[in-house]
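Engineer: The structure file my_file-v9.pdb (PDB, C-alpha atoms) is provided below.
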ATOM      1  CA  MET X  26       5.905 -20.804 -13.785
ATOM      2  CA  ALA X  27       6.822 -17.152 -13.334
ATOM      3  CA  LEU X  28       5.074 -14.932 -10.831
ATOM      4  CA  SER X  29       2.962 -12.393 -12.709
ATOM      5  CA  GLU X  30       0.248 -11.391 -10.222
ATOM      6  CA  LEU X  31       0.574 -10.363  -6.605
ATOM      7  CA  LEU X  32      -1.670  -9.201  -3.768
ATOM      8  CA  TYR X  33       0.238  -6.773  -1.544
ATOM      9  CA  ILE X  34      -1.287  -5.622   1.757
ATOM     10  CA  SER X  35       0.242  -2.882   3.915
ATOM     11  CA  ALA X  36      -1.004  -1.388   7.171
ATOM     12  CA  GLY X  37      -0.338   1.926   8.833
ATOM     13  CA  SER X  38      -1.803   5.007  10.469
ATOM     14  CA  ILE X  39      -0.763   8.152  12.259
ATOM     15  CA  LYS X  40      -0.943   6.212  15.557
ATOM     16  CA  TRP X  41       0.771   3.008  14.305
ATOM     17  CA  GLY X  42       3.304   4.771  12.120
ATOM     18  CA  THR X  43       3.527   5.267   8.377
ATOM     19  CA  GLY X  44       6.944   3.853   7.492
ATOM     20  CA  HIS X  45       5.574   0.509   6.336
ATOM     21  CA  LEU X  46       3.073   2.189   4.006
ATOM     22  CA  ARG X  47       5.760   4.459   2.544
ATOM     23  CA  ARG X  48       8.309   1.694   1.977
ATOM     24  CA  SER X  49       5.652  -0.605   0.559
ATOM     25  CA  SER X  50       4.590   2.102  -1.876
ATOM     26  CA  GLN X  51       8.144   2.203  -3.244
ATOM     27  CA  ILE X  52       8.258  -1.594  -3.537
ATOM     28  CA  ILE X  53       4.883  -1.675  -5.313
ATOM     29  CA  ASP X  54       6.029   0.935  -7.842
ATOM     30  CA  PHE X  55       9.297  -0.941  -8.449
ATOM     31  CA  LEU X  56       7.545  -4.283  -9.005
ATOM     32  CA  ARG X  57       5.022  -2.706 -11.380
ATOM     33  CA  ARG X  58       7.871  -1.242 -13.426
ATOM     34  CA  LYS X  59       9.268  -4.798 -13.630
ATOM     35  CA  GLY X  60       5.992  -5.934 -15.190
ATOM     36  CA  LEU X  61       4.158  -7.569 -12.277
ATOM     37  CA  MET X  62       0.413  -7.088 -12.000
ATOM     38  CA  ILE X  63      -0.084  -5.964  -8.404
ATOM     39  CA  TYR X  64      -3.343  -5.442  -6.560
ATOM     40  CA  SER X  65      -2.303  -3.407  -3.533
ATOM     41  CA  VAL X  66      -4.318  -2.721  -0.399
ATOM     42  CA  ALA X  67      -3.509  -0.056   2.184
ATOM     43  CA  LEU X  68      -5.077  -0.919   5.514
ATOM     44  CA  ILE X  69      -5.688   2.381   7.314
ATOM     45  CA  PRO X  70      -8.194   2.090  10.175
ATOM     46  CA  ASN X  71      -9.155   5.758  10.314
ATOM     47  CA  ASP X  72     -10.631   7.799   7.433
ATOM     48  CA  SER X  73      -9.008  11.014   8.641
ATOM     49  CA  ASP X  74      -5.607   9.259   8.616
ATOM     50  CA  ALA X  75      -6.237   8.147   5.027
ATOM     51  CA  THR X  76      -6.877  11.777   4.086
ATOM     52  CA  LYS X  77      -3.717  12.963   5.855
ATOM     53  CA  LEU X  78      -1.628  10.221   4.243
ATOM     54  CA  SER X  79      -3.056  10.607   0.737
ATOM     55  CA  SER X  80       0.176  12.077  -0.640
ATOM     56  CA  PHE X  81       1.838   8.660  -0.768
ATOM     57  CA  LEU X  82      -1.154   6.361  -1.196
ATOM     58  CA  SER X  83      -1.392   6.721  -4.974
ATOM     59  CA  SER X  84       0.464   3.422  -5.476
ATOM     60  CA  TYR X  85      -2.283   1.502  -3.729
ATOM     61  CA  THR X  86      -5.220   0.087  -5.661
ATOM     62  CA  VAL X  87      -7.555   0.549  -2.692
ATOM     63  CA  CYS X  88      -7.502   1.856   0.900
ATOM     64  CA  LEU X  89      -9.627   0.010   3.460
ATOM     65  CA  PRO X  90     -10.336   0.520   7.173
ATOM     66  CA  SER X  91     -10.227  -3.262   7.803
ATOM     67  CA  LEU X  92     -10.014  -6.575   5.984
TER      68      LEU X  92
END
Could the structure of this file be written out as structure tokens, please?
Structural biologist:
Amino acid sequence: MALSELLYISAGSIKWGTGHLRRSSQIIDFLRRKGLMIYSVALIPNDSDATKLSSFLSSYTVCLPSL
């Protein structure tokens, strides 16, 4: 059975660092181009951080302050 759906969760913030969110965004885009259906969640605990980081959050299906 081939993997066709994936839940991908990434966390980051100005305080924690944003590298994981940025790298994950690239991985999400790559996997989508390969045909995987990905539901991606960016865990960003602060709304103002989400606004500041919006330039690279377009790959994520949803941004949440907590799970």
Engineer: Once the PyMOL selection byres ((chain X and resi 46) around 8) has been evaluated on this model, what residues remain selected, and can you format them as an MDAnalysis selection string?
Structural biologist: chainID X and resid 35:37 43:45 47:50 67 82
Engineer: Can you pull out the residues contacting Val66 (chain X)? Cut-off 6 Å, using all atoms listed in the file, and skip same-chain residues under 3 positions away; I want them as an mmCIF file with C-alpha atoms, in the coordinates of the input.
Structural biologist:
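Okay, this is what ended up in result_9.cif:
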data_model
loop_
_atom_site.group_PDB
_atom_site.id
_atom_site.type_symbol
_atom_site.label_atom_id
_atom_site.label_comp_id
_atom_site.auth_asym_id
_atom_site.auth_seq_id
_atom_site.Cartn_x
_atom_site.Cartn_y
_atom_site.Cartn_z
ATOM 1 C CA ILE X 34 -1.287 -5.622 1.757
ATOM 2 C CA TYR X 85 -2.283 1.502 -3.729
ATOM 3 C CA VAL X 87 -7.555 0.549 -2.692
ATOM 4 C CA CYS X 88 -7.502 1.856 0.900
#
Engineer: Step by step, gather every atom of region 73-82 of chain X that the file lists, find the box along x, y and z that holds them, add 3 Å on each side, and finally give centre and edge lengths in Å to one decimal, as lines of an AutoDock Vina configuration file.
Structural biologist:
center_x = -3.6
center_y = 9.7
center_z = 3.7
size_x = 16.8
size_y = 12.6
size_z = 15.8
Engineer: What's the 9 Å shell around Ile39 (chain X), counting all atoms listed in the file, without same-chain residues fewer than 6 positions away, as a PyMOL selection string?
Structural biologist: chain X and resi 71+74+77-78
Engineer: Hey, which of X:Ser91, X:Gly42, X:Ser79, X:Thr86 ends up closest to Met62 (chain X)? Count only C-alpha atoms.
Structural biologist: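 The shortest atom-to-atom distance to Met62 (chain X) comes from X:Thr86.
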Engineer: Give me the residues near Ile63 (chain X) as a PyMOL selection string, where near means some atom within 9 Å (using all atoms listed in the file) and where sequence neighbours in that chain fewer than 6 positions away do not count.
Structural biologist: chain X and resi 29-33+53+56-57+86
Engineer: Evaluate the PyMOL selection byres ((chain X and resi 90) around 6) against this structure - the residues, as number ranges by chain, please.
Structural biologist: X: 68-70, 89, 91
Engineer: Rounded to one decimal, what separation in Å do you get between CA of Ser84 (chain X) and CA of Asp54 (chain X)?
Structural biologist: 6.5 Å
Engineer: Could you jot down the CA of Trp41 (chain X) to CA of Ser83 (chain X) separation for me, Å, one decimal place?
Structural biologist: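 Those two atoms sit 19.8 Å apart.
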